[in-house]
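Asks: Sharing upload_33.pdb here; it has PDB, C-alpha atoms and all ligand atoms.
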ATOM      1  CA  TYR A 219     -21.762   9.060   8.302
ATOM      2  CA  SER A 220     -20.900  12.441   6.966
ATOM      3  CA  LEU A 221     -17.685  14.345   6.652
ATOM      4  CA  SER A 222     -17.346  18.077   7.088
ATOM      5  CA  ILE A 223     -16.465  19.500   3.707
ATOM      6  CA  ASP A 224     -15.204  22.661   5.434
ATOM      7  CA  THR A 225     -12.564  20.646   7.239
ATOM      8  CA  VAL A 226     -11.365  19.148   4.006
ATOM      9  CA  GLU A 227     -11.310  22.458   2.163
ATOM     10  CA  ASP A 228      -9.143  24.019   4.870
ATOM     11  CA  GLU A 229      -6.405  21.623   3.905
ATOM     12  CA  TRP A 230      -6.439  22.304   0.205
ATOM     13  CA  VAL A 231      -3.582  23.929  -1.591
ATOM     14  CA  GLU A 232      -4.476  26.557  -4.150
ATOM     15  CA  ILE A 233      -2.446  26.599  -7.321
ATOM     16  CA  SER A 234      -3.354  29.191  -9.913
ATOM     17  CA  ASN A 235      -7.085  29.033  -9.139
ATOM     18  CA  GLU A 236      -7.181  25.236  -9.181
ATOM     19  CA  TYR A 237      -6.993  22.927  -6.206
ATOM     20  CA  MET A 238      -5.155  19.826  -5.114
ATOM     21  CA  PRO A 239      -6.906  18.228  -2.112
ATOM     22  CA  ALA A 240      -4.837  17.173   0.895
ATOM     23  CA  SER A 241      -6.312  13.671   0.650
ATOM     24  CA  ILE A 242      -8.584  11.898  -1.757
ATOM     25  CA  PRO A 243      -9.992   8.365  -1.508
ATOM     26  CA  GLY A 244      -7.159   6.158  -2.714
ATOM     27  CA  TYR A 245      -4.293   8.467  -1.732
ATOM     28  CA  LYS A 246      -3.613  10.141   1.563
ATOM     29  CA  ASN A 247      -1.037  12.811   0.828
ATOM     30  CA  MET A 248      -2.140  14.286  -2.456
ATOM     31  CA  SER A 249      -1.127  17.864  -1.759
ATOM     32  CA  SER A 250       2.352  16.737  -0.727
ATOM     33  CA  LEU A 251       2.860  15.868  -4.403
ATOM     34  CA  LEU A 252       3.710  19.520  -4.719
ATOM     35  CA  GLY A 253       6.094  19.761  -1.815
ATOM     36  CA  PHE A 254       8.483  16.832  -2.220
ATOM     37  CA  ASP A 255      12.171  17.523  -2.320
ATOM     38  CA  PRO A 256      13.341  16.431  -4.841
ATOM     39  CA  PRO A 257      10.131  17.304  -6.695
ATOM     40  CA  VAL A 258       8.047  14.543  -8.228
ATOM     41  CA  ASN A 259       8.670  14.344 -11.954
ATOM     42  CA  HIS A 260       7.076  10.984 -12.705
ATOM     43  CA  VAL A 261       3.715   9.700 -11.417
ATOM     44  CA  MET A 262       3.028   5.988 -11.723
ATOM     45  CA  VAL A 263      -0.676   5.177 -11.676
ATOM     46  CA  MET A 264      -1.137   1.820  -9.945
ATOM     47  CA  GLY A 265      -3.642  -0.377 -11.726
ATOM     48  CA  ALA A 266      -2.167  -3.400  -9.937
ATOM     49  CA  ASP A 267      -2.718  -4.221  -6.262
ATOM     50  CA  LEU A 268      -0.185  -4.570  -3.481
ATOM     51  CA  ASP A 269      -1.432  -7.604  -1.576
ATOM     52  CA  LEU A 270      -2.924 -11.028  -2.157
ATOM     53  CA  PHE A 271      -6.695 -11.207  -2.829
ATOM     54  CA  VAL A 272      -6.911  -7.393  -3.096
ATOM     55  CA  THR A 273      -8.320  -6.132  -6.423
ATOM     56  CA  THR A 274      -9.267  -2.536  -5.602
ATOM     57  CA  ASN A 275      -6.876  -0.794  -8.013
ATOM     58  CA  GLN A 276      -7.637  -3.276 -10.778
ATOM     59  CA  LEU A 277     -11.381  -2.691 -10.448
ATOM     60  CA  ALA A 278     -10.956   1.093 -10.452
ATOM     61  CA  LEU A 279      -8.880   0.893 -13.620
ATOM     62  CA  ARG A 280     -11.360  -1.436 -15.296
ATOM     63  CA  GLU A 281     -14.432   0.602 -14.458
ATOM     64  CA  ARG A 282     -13.215   4.201 -14.447
ATOM     65  CA  ILE A 283     -10.743   4.578 -17.269
ATOM     66  CA  GLU A 284     -12.364   7.796 -18.548
ATOM     67  CA  ASP A 285     -12.089   9.405 -15.109
ATOM     68  CA  ILE A 286      -8.481   8.226 -14.910
ATOM     69  CA  VAL A 287      -7.632   9.991 -18.174
ATOM     70  CA  LYS A 288      -9.176  13.207 -16.799
ATOM     71  CA  GLY A 289      -7.234  12.694 -13.565
ATOM     72  CA  ILE A 290      -3.959  12.315 -15.458
ATOM     73  CA  ASN A 291      -4.680  15.567 -17.297
ATOM     74  CA  TYR A 292      -5.343  17.198 -13.930
ATOM     75  CA  ILE A 293      -1.979  15.976 -12.613
ATOM     76  CA  HIS A 294      -0.249  17.405 -15.685
ATOM     77  CA  ARG A 295      -2.069  20.719 -15.428
ATOM     78  CA  VAL A 296      -2.307  21.368 -11.697
ATOM     79  CA  ALA A 297       0.684  19.567 -10.217
ATOM     80  CA  LYS A 298       2.801  20.356 -13.303
ATOM     81  CA  ILE A 299       4.172  16.821 -13.405
ATOM     82  CA  GLY A 300       5.222  15.977 -16.941
ATOM     83  CA  LYS A 301       5.513  12.207 -16.950
ATOM     84  CA  VAL A 302       2.659   9.898 -16.021
ATOM     85  CA  SER A 303       2.626   6.179 -16.752
ATOM     86  CA  LEU A 304       0.466   3.241 -15.729
ATOM     87  CA  ILE A 305       1.332  -0.010 -13.948
ATOM     88  CA  ILE A 306      -0.987  -2.879 -14.827
ATOM     89  CA  PRO A 307      -1.313  -6.662 -14.744
ATOM     90  CA  PRO A 308      -1.451  -8.382 -18.183
ATOM     91  CA  ASP A 309      -5.243  -8.745 -18.274
ATOM     92  CA  LEU A 310      -5.719  -4.956 -18.232
ATOM     93  CA  ILE A 311      -3.582  -4.167 -21.296
ATOM     94  CA  SER A 312      -6.638  -3.657 -23.511
ATOM     95  CA  TYR A 313      -7.871  -0.882 -21.186
ATOM     96  CA  VAL A 314      -4.759   1.276 -21.562
ATOM     97  CA  GLU A 315      -2.996   0.383 -24.816
ATOM     98  CA  ASP A 316      -4.794   3.020 -26.914
ATOM     99  CA  LEU A 317      -4.559   5.877 -24.412
ATOM    100  CA  GLY A 318      -1.173   7.144 -25.564
ATOM    101  CA  TYR A 319       0.512   6.843 -22.151
ATOM    102  CA  ASP A 320       3.486   4.676 -21.294
ATOM    103  CA  PHE A 321       2.397   1.589 -19.438
ATOM    104  CA  TYR A 322       4.298  -1.213 -17.762
ATOM    105  CA  VAL A 323       2.970  -4.726 -17.388
ATOM    106  CA  ILE A 324       3.789  -6.441 -14.099
ATOM    107  CA  LYS A 325       3.482 -10.224 -13.792
ATOM    108  CA  PRO A 326       0.600 -10.955 -11.420
ATOM    109  CA  ARG A 327       2.690 -12.739  -8.840
ATOM    110  CA  TYR A 328       3.086 -11.556  -5.268
ATOM    111  CA  PRO A 329       4.997  -9.345  -4.370
ATOM    112  CA  ASN A 330       5.818  -7.993  -7.871
ATOM    113  CA  SER A 331       3.647  -4.875  -7.587
ATOM    114  CA  ILE A 332       5.237  -3.454  -4.443
ATOM    115  CA  PRO A 333       6.596  -0.112  -5.703
ATOM    116  CA  LYS A 334      10.287  -0.738  -5.003
ATOM    117  CA  LEU A 335      10.129  -4.013  -6.933
ATOM    118  CA  VAL A 336       8.226  -2.312  -9.758
ATOM    119  CA  ILE A 337      11.047   0.219 -10.065
ATOM    120  CA  LYS A 338      13.645  -2.538 -10.046
ATOM    121  CA  THR A 339      11.746  -4.445 -12.750
ATOM    122  CA  ILE A 340      11.252  -1.430 -15.001
ATOM    123  CA  PHE A 341      14.592   0.323 -14.663
ATOM    124  CA  LYS A 342      16.688  -2.793 -13.956
ATOM    125  CA  GLU A 343      18.173  -0.925 -10.993
ATOM    126  CA  PRO A 344      17.199  -1.211  -7.344
ATOM    127  CA  ILE A 345      16.311   1.888  -5.336
ATOM    128  CA  PRO A 346      19.466   2.926  -3.418
ATOM    129  CA  LEU A 347      19.661   1.642   0.139
ATOM    130  CA  GLY A 348      17.537   3.574   2.617
ATOM    131  CA  LYS A 349      15.820   5.586  -0.130
ATOM    132  CA  GLU A 350      12.185   5.611  -1.182
ATOM    133  CA  THR A 351      10.755   5.855  -4.695
ATOM    134  CA  ARG A 352       9.920   9.508  -4.087
ATOM    135  CA  ASP A 353      13.613  10.197  -3.415
ATOM    136  CA  MET A 354      14.012   9.308  -7.103
ATOM    137  CA  GLY A 355      11.295  11.808  -8.080
ATOM    138  CA  ILE A 356       8.767   8.993  -8.630
ATOM    139  CA  GLU A 357       5.432   8.790  -6.824
ATOM    140  CA  PHE A 358       2.934   5.928  -7.006
ATOM    141  CA  ILE A 359      -0.754   6.896  -6.908
ATOM    142  CA  SER A 360      -3.612   4.422  -7.046
ATOM    143  CA  SER A 361      -5.839   4.282 -10.113
ATOM    144  CA  GLU A 362      -8.789   5.016  -7.808
ATOM    145  CA  ALA A 363      -7.228   8.260  -6.546
ATOM    146  CA  VAL A 364      -6.440   9.395 -10.081
ATOM    147  CA  ALA A 365     -10.026   8.623 -11.158
ATOM    148  CA  ASN A 366     -11.269  10.678  -8.194
ATOM    149  CA  LEU A 367      -9.039  13.550  -9.291
ATOM    150  CA  GLY A 368     -10.683  13.256 -12.703
ATOM    151  CA  CYS A 369     -14.090  13.724 -11.047
ATOM    152  CA  LEU A 370     -12.733  16.680  -9.095
ATOM    153  CA  ALA A 371     -11.618  18.245 -12.365
ATOM    154  CA  GLU A 372     -15.274  18.089 -13.444
ATOM    155  CA  GLY A 373     -16.466  19.606 -10.158
ATOM    156  CA  THR A 374     -17.496  16.437  -8.284
ATOM    157  CA  LEU A 375     -15.957  15.596  -4.922
ATOM    158  CA  ILE A 376     -15.801  11.898  -4.076
ATOM    159  CA  PHE A 377     -15.786  10.826  -0.423
ATOM    160  CA  ASP A 378     -16.416   7.102  -0.896
ATOM    161  CA  LYS A 379     -13.570   4.616  -0.714
ATOM    162  CA  LEU A 380     -13.572   1.507  -2.877
ATOM    163  CA  ILE A 381     -12.661  -1.495  -0.727
ATOM    164  CA  THR A 382     -12.028  -5.189  -1.354
ATOM    165  CA  VAL A 383     -13.576  -7.204   1.476
ATOM    166  CA  ILE A 384     -11.849 -10.563   1.968
ATOM    167  CA  LYS A 385     -14.155 -12.876   3.867
ATOM    168  CA  LYS A 386     -13.269 -15.736   6.184
ATOM    169  CA  ASP A 387     -13.489 -18.245   3.323
ATOM    170  CA  TYR A 388     -11.203 -15.987   1.225
ATOM    171  CA  SER A 389     -14.004 -15.097  -1.179
ATOM    172  CA  THR A 390     -14.016 -11.390  -1.986
ATOM    173  CA  LEU A 391     -16.445  -8.621  -2.786
ATOM    174  CA  HIS A 392     -16.119  -4.916  -3.475
ATOM    175  CA  ILE A 393     -17.907  -2.193  -1.581
ATOM    176  CA  LYS A 394     -17.879   1.576  -1.461
ATOM    177  CA  ALA A 395     -17.912   3.191   1.972
ATOM    178  CA  ARG A 396     -17.727   6.812   3.022
ATOM    179  CA  VAL A 397     -14.331   7.727   4.509
ATOM    180  CA  GLY A 398     -14.854   7.754   8.277
ATOM    181  CA  THR A 399     -17.336   4.859   8.358
ATOM    182  CA  PRO A 400     -16.558   2.473  11.258
ATOM    183  CA  ILE A 401     -15.335  -0.931  10.068
ATOM    184  CA  GLY A 402     -17.809  -2.614  12.438
ATOM    185  CA  TYR A 403     -20.714  -0.885  10.695
ATOM    186  CA  ILE A 404     -19.579  -2.229   7.314
ATOM    187  CA  LEU A 405     -19.309  -5.772   8.655
ATOM    188  CA  ASP A 406     -22.801  -5.476  10.187
ATOM    189  CA  VAL A 407     -24.277  -4.309   6.892
ATOM    190  CA  LEU A 408     -22.571  -7.175   5.062
ATOM    191  CA  GLY A 409     -23.805  -9.667   7.656
ATOM    192  CA  ILE A 410     -20.272 -10.787   8.485
ATOM    193  CA  GLU A 411     -20.161 -12.160  11.995
ATOM    194  CA  VAL A 412     -17.017 -11.471  13.990
ATOM    195  CA  LEU A 413     -16.452 -14.013  16.738
ATOM    196  CA  GLU A 414     -14.166 -13.824  19.758
ATOM    197  CA  GLY A 415     -10.644 -14.524  18.483
ATOM    198  CA  ASP A 416     -11.279 -13.660  14.803
ATOM    199  CA  ARG A 417      -8.826 -11.166  13.386
ATOM    200  CA  ILE A 418      -9.788  -8.007  11.508
ATOM    201  CA  VAL A 419      -7.063  -6.700   9.248
ATOM    202  CA  ILE A 420      -6.930  -3.418   7.354
ATOM    203  CA  GLY A 421      -5.227  -4.399   4.114
ATOM    204  CA  GLY A 422      -4.502  -7.836   2.734
ATOM    205  CA  PRO A 423      -3.275 -11.055   4.344
ATOM    206  CA  MET A 424       0.438 -10.392   3.764
ATOM    207  CA  ARG A 425       0.902  -6.692   4.467
ATOM    208  CA  GLY A 426      -2.224  -5.659   6.342
ATOM    209  CA  LYS A 427      -2.399  -4.379   9.906
ATOM    210  CA  THR A 428      -4.604  -5.971  12.556
ATOM    211  CA  ILE A 429      -7.040  -3.624  14.257
ATOM    212  CA  HIS A 430      -8.309  -4.107  17.769
ATOM    213  CA  SER A 431     -11.475  -2.044  17.649
ATOM    214  CA  LEU A 432     -14.357  -2.266  15.207
ATOM    215  CA  ASP A 433     -14.798   1.478  15.727
ATOM    216  CA  MET A 434     -11.733   2.082  13.556
ATOM    217  CA  PRO A 435     -12.847   4.145  10.565
ATOM    218  CA  VAL A 436     -12.310   3.654   6.851
ATOM    219  CA  ASP A 437      -9.374   5.844   5.876
ATOM    220  CA  TYR A 438      -8.414   7.372   2.536
ATOM    221  CA  ASP A 439      -6.040   4.475   1.909
ATOM    222  CA  THR A 440      -8.153   1.563   3.188
ATOM    223  CA  ASP A 441      -7.894  -0.687   0.136
ATOM    224  CA  ALA A 442      -9.037  -3.869   1.832
ATOM    225  CA  ILE A 443     -10.638  -5.336   4.930
ATOM    226  CA  PHE A 444      -9.683  -8.924   5.671
ATOM    227  CA  ILE A 445     -11.658 -10.966   8.188
ATOM    228  CA  GLN A 446      -9.556 -13.918   9.295
ATOM    229  CA  ASP A 447     -11.261 -16.831  10.991
ATOM    230  CA  ARG A 448      -9.777 -17.601  14.413
ATOM    231  CA  GLY A 449      -9.175 -21.187  13.264
ATOM    232  CA  GLU A 450      -6.902 -19.928  10.466
ATOM    233  CA  ILE A 451      -4.656 -17.788  12.624
ATOM    234  CA  ILE A 452      -1.148 -19.128  13.140
ATOM    235  CA  TYR A 453       0.252 -17.486  16.231
ATOM    236  CA  ALA A 454       3.862 -16.367  16.520
ATOM    237  CA  SER A 455       6.072 -18.247  18.928
ATOM    238  CA  ASP A 456       9.219 -17.436  20.898
ATOM    239  CA  THR A 457      11.068 -20.431  19.441
ATOM    240  CA  HIS A 458      14.643 -19.713  18.368
ATOM    241  CA  CYS A 459      15.623 -19.657  14.715
ATOM    242  CA  ILE A 460      16.594 -23.138  13.517
ATOM    243  CA  ASN A 461      18.521 -21.701  10.580
ATOM    244  CA  CYS A 462      16.507 -23.560   7.965
ATOM    245  CA  GLY A 463      17.141 -20.774   5.437
ATOM    246  CA  GLU A 464      13.592 -20.714   4.039
ATOM    247  CA  CYS A 465      13.244 -16.981   4.734
ATOM    248  CA  VAL A 466      16.456 -16.263   2.827
ATOM    249  CA  LYS A 467      15.321 -18.337  -0.140
ATOM    250  CA  VAL A 468      11.967 -16.590  -0.405
ATOM    251  CA  CYS A 469      13.134 -12.980   0.097
ATOM    252  CA  PRO A 470      12.743 -11.124  -3.233
ATOM    253  CA  VAL A 471      15.570  -8.695  -2.416
ATOM    254  CA  ASN A 472      18.057 -11.173  -0.939
ATOM    255  CA  VAL A 473      18.058  -9.930   2.633
ATOM    256  CA  PRO A 474      19.967 -12.365   4.921
ATOM    257  CA  VAL A 475      16.839 -12.689   7.037
ATOM    258  CA  ASN A 476      18.140 -15.496   9.254
ATOM    259  CA  MET A 477      20.982 -13.237  10.439
ATOM    260  CA  LEU A 478      18.859 -10.110  10.494
ATOM    261  CA  VAL A 479      16.315 -11.632  12.836
ATOM    262  CA  ARG A 480      19.026 -12.493  15.366
ATOM    263  CA  VAL A 481      20.192  -8.899  15.748
ATOM    264  CA  LEU A 482      16.654  -7.531  15.709
ATOM    265  CA  GLU A 483      15.607  -9.903  18.480
ATOM    266  CA  ASN A 484      18.389  -8.360  20.537
ATOM    267  CA  GLY A 485      17.389  -4.787  19.777
ATOM    268  CA  LEU A 486      20.528  -4.075  17.712
ATOM    269  CA  PHE A 487      18.744  -1.904  15.172
ATOM    270  CA  GLU A 488      21.729   0.034  13.818
ATOM    271  CA  GLU A 489      23.680  -3.172  13.330
ATOM    272  CA  ALA A 490      20.646  -4.635  11.546
ATOM    273  CA  ALA A 491      20.771  -1.748   9.080
ATOM    274  CA  LYS A 492      24.555  -1.617   8.656
ATOM    275  CA  GLU A 493      25.378  -5.312   8.499
ATOM    276  CA  TYR A 494      22.212  -7.158   7.533
ATOM    277  CA  ASP A 495      20.334  -5.039   4.981
ATOM    278  CA  LEU A 496      17.356  -4.094   7.128
ATOM    279  CA  LEU A 497      16.689  -1.089   4.898
ATOM    280  CA  SER A 498      16.647  -3.191   1.713
ATOM    281  CA  CYS A 499      13.495  -4.934   2.926
ATOM    282  CA  ILE A 500      10.458  -4.064   0.798
ATOM    283  CA  GLU A 501       7.983  -5.239   3.471
ATOM    284  CA  CYS A 502       6.390  -8.138   1.626
ATOM    285  CA  GLY A 503       6.001 -10.372   4.698
ATOM    286  CA  LEU A 504       7.029 -13.560   2.881
ATOM    287  CA  CYS A 505       9.784 -14.339   5.404
ATOM    288  CA  SER A 506       7.262 -14.491   8.242
ATOM    289  CA  TYR A 507       4.899 -16.545   6.130
ATOM    290  CA  VAL A 508       7.457 -19.298   5.498
ATOM    291  CA  CYS A 509       9.156 -19.303   8.900
ATOM    292  CA  ILE A 510       8.796 -22.808  10.261
ATOM    293  CA  ALA A 511       9.706 -21.623  13.766
ATOM    294  CA  ARG A 512       6.854 -19.080  13.612
ATOM    295  CA  ILE A 513       9.161 -16.246  14.546
ATOM    296  CA  PRO A 514       7.359 -12.931  13.930
ATOM    297  CA  VAL A 515      10.116 -11.888  11.525
ATOM    298  CA  PHE A 516       8.085  -9.236   9.729
ATOM    299  CA  GLN A 517       7.042  -7.624  13.002
ATOM    300  CA  TYR A 518      10.686  -7.507  14.116
ATOM    301  CA  ILE A 519      11.595  -5.876  10.807
ATOM    302  CA  MET A 520       8.873  -3.241  11.092
ATOM    303  CA  LEU A 521       9.884  -2.548  14.697
ATOM    304  CA  GLY A 522      13.515  -2.209  13.608
ATOM    305  CA  LYS A 523      12.622   0.282  10.887
ATOM    306  CA  TYR A 524      10.437   2.244  13.279
ATOM    307  CA  GLU A 525      13.170   2.432  15.926
ATOM    308  CA  LEU A 526      15.718   3.520  13.322
ATOM    309  CA  SER A 527      13.428   6.262  12.037
ATOM    310  CA  LYS A 528      12.959   7.478  15.622
ATOM    311  CA  MET A 529      16.735   7.579  16.105
ATOM    312  CA  GLY A 530      17.006   9.563  12.862
ATOM    313  CA  GLU A 531      14.424  12.071  14.089
ATOM    314  CA  GLU A 532      16.191  12.454  17.419
ATOM    315  CA  ASN A 533      19.457  13.195  15.623
ATOM    316  CA  VAL A 534      17.931  15.948  13.484
TER
HETATM  317  S1  LIG B   1       9.562  -8.800   4.454
HETATM  318 FE1  LIG B   1      11.098 -10.438   4.622
HETATM  319  S2  LIG B   1      11.006 -11.514   2.647
HETATM  320 FE2  LIG B   1       9.997  -9.544   2.345
HETATM  321  S3  LIG B   1      11.611  -8.173   1.600
HETATM  322 FE3  LIG B   1      11.547  -7.942   3.829
HETATM  323  S4  LIG B   1      13.076  -9.371   4.582
HETATM  324 FE4  LIG B   1      12.632  -9.973   2.468
HETATM  325  S1  LIG B   2      12.643 -19.273   8.243
HETATM  326 FE1  LIG B   2      12.607 -18.840  10.457
HETATM  327  S2  LIG B   2      13.685 -20.569  11.364
HETATM  328 FE2  LIG B   2      14.173 -20.610   9.184
HETATM  329  S3  LIG B   2      16.100 -19.428   9.031
HETATM  330 FE3  LIG B   2      14.414 -17.993   8.704
HETATM  331  S4  LIG B   2      14.018 -17.103  10.733
HETATM  332 FE4  LIG B   2      15.208 -18.983  11.040
END
Could you write out this file's structure as structure tokens?

Replies:
Amino acid sequence: YSLSIDTVEDEWVEISNEYMPASIPGYKNMSSLLGFDPPVNHVMVMGADLDLFVTTNQLALRERIEDIVKGINYIHRVAKIGKVSLIIPPDLISYVEDLGYDFYVIKPRYPNSIPKLVIKTIFKEPIPLGKETRDMGIEFISSEAVANLGCLAEGTLIFDKLITVIKKDYSTLHIKARVGTPIGYILDVLGIEVLEGDRIVIGGPMRGKTIHSLDMPVDYDTDAIFIQDRGEIIYASDTHCINCGECVKVCPVNVPVNMLVRVLENGLFEEAAKEYDLLSCIECGLCSYVCIARIPVFQYIMLGKYELSKMGEENV
């Protein structure tokens, strides 16, 4: 599977004779680093991973630290971003402690490495309601993408994406696949059989998205492929909330999920945002995971956010 280099080059942004690609394996919107408003003034290089069983960023940091240093220099020089620091789990301290960059150690417990929680942990302040980290001038970029920028700085373009494959028995392996490769082809090569009713997820078990065609290609941000055995799938139900409170207890940002789900079920998206903290949700999926009534809480939340963003666009 090959990718037209011409197509990619068309999307590059030239800055004083050097280039920032539109996308690079590990990060989809690289060139937008230059166009944010407010501008990015702090890049956080993610050496931790965002979902359970996924170890893509950790592996890239472990194996490509020299490329990462070159990539950080490239970010300083080309994107003119002064502050770059690294986010790592404790077992990677020895890889970064002598580099001279700030680094922050995040406890390896889900969902601690989701960017909004990282910011809250480091700065002891939550991101303001409805805002993203980039609204604070902070952008998170995976260690893999920064390593690939380091290669670019030396004249080598990388088109392969590092991926954690999570098999049906939850064992994992790492592969590299060219961006654009169909997921089905990868599973064939690995000898992973997909049976009727099995679920294929792009991403990890908590935050990933199910795909419905094995022709779906590897994208620049495909960190993981999770193959879930049909016997392991717990289907959502249309049972009403029994108000057990488990979702509220588990939510890392104290969203009143039991109340939120009631208004979302009724399509009251603005009320969900105004009264029940919909926009505080950091999309960890834990509420759905613990819901004894099997209400698809996370899906309701994502739908609510999507509908709100559409309303915002229509009001522009
Ligand atoms: S997904 Fe659920 S548990 Fe996670 S932050 Fe959002 S509301 Fe809270
Ligand atoms: S966990 Fe499910 S049933 Fe329990 S309060 Fe939350 S939404 Fe309701």

Asks: Could you give me, as CSV, every chain A residue with an atom at most 7 Å from ligand LIG 1 (chain B), plus its closest atom pair and distance in Å to one decimal, counting all atoms listed in the file, rows ordered by chain then number?

Replies:
residue,atom,partner,partner_atom,distance
A:Cys465,CA,B:LIG1,S2,6.3
A:Val468,CA,B:LIG1,S2,6.0
A:Cys469,CA,B:LIG1,S2,3.6
A:Pro470,CA,B:LIG1,S3,5.8
A:Val471,CA,B:LIG1,S3,5.7
A:Asn472,CA,B:LIG1,FE4,6.5
A:Val473,CA,B:LIG1,S4,5.4
A:Val475,CA,B:LIG1,S4,5.6
A:Cys499,CA,B:LIG1,FE3,3.7
A:Ile500,CA,B:LIG1,S3,4.3
A:Glu501,CA,B:LIG1,S1,4.0
A:Cys502,CA,B:LIG1,FE2,3.9
A:Gly503,CA,B:LIG1,S1,3.9
A:Leu504,CA,B:LIG1,S2,4.5
A:Cys505,CA,B:LIG1,S2,4.1
A:Ser506,CA,B:LIG1,FE1,6.7
A:Phe516,CA,B:LIG1,S1,5.5

Asks: Could you list, as an NGL selection string, all protein and nucleic acid residues with an atom at most 10 Å from ligand LIG 2 (chain B), counting all atoms listed in the file?

Replies: :A and (457-468 or 474-480 or 504-516)

Asks: Step by step, work through what the PyMOL selection byres (((chain A and resi 281) around 12) and not hetatm) selects in the shown file, and finish by giving those residues as a list in words.

Replies: Gly265, Thr274, Asn275, Gln276, Leu277, Ala278, Leu279, Arg280, Arg282, Ile283, Glu284, Asp285, Ile286, Leu310, Tyr313, Ser361, Glu362, Ala365 and Leu380 of chain A

Asks: One number please: atom CA of Tyr403 of chain A to atom CA of Leu391 of chain A, in Å, one decimal.

Replies: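 According to the coordinates, atom CA of Tyr403 of chain A and atom CA of Leu391 of chain A are separated by 16.1 Å.
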
Asks: Kindly list the centre and edge lengths in Å, rounded to one decimal, for the axis-aligned box that covers all listed atoms of segment 295-298 of chain A plus 3 Å on each of its six sides, as AutoDock Vina command-line options.

Replies:
--center_x 0.2 --center_y 20.5 --center_z -12.8 --size_x 11.1 --size_y 7.8 --size_z 11.2

Asks: If the PyMOL selection byres (((chain A and resi 358) around 8) and not hetatm) were run on this exact file, what residues would it hold? Put them as a VMD selection string.

Replies: chain A and resid 261 to 264 333 356 to 357 359 to 360

Asks: Neighbours of segment 373-375 of chain A within 10 Å (only C-alpha atoms; same-chain residues fewer than 5 positions away dropped), as a list in words?

Replies: Ile223, Pro239, Ile242, Pro243, Asn366, Leu367 and Gly368 of chain A

Asks: Counting only C-alpha atoms, which residue out of A:Ile410, A:Ala371, A:Val481, A:Val272 sits closest to Ala442 of chain A?

Replies: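 For Ala442 of chain A, the nearest of the candidates is A:Val272.
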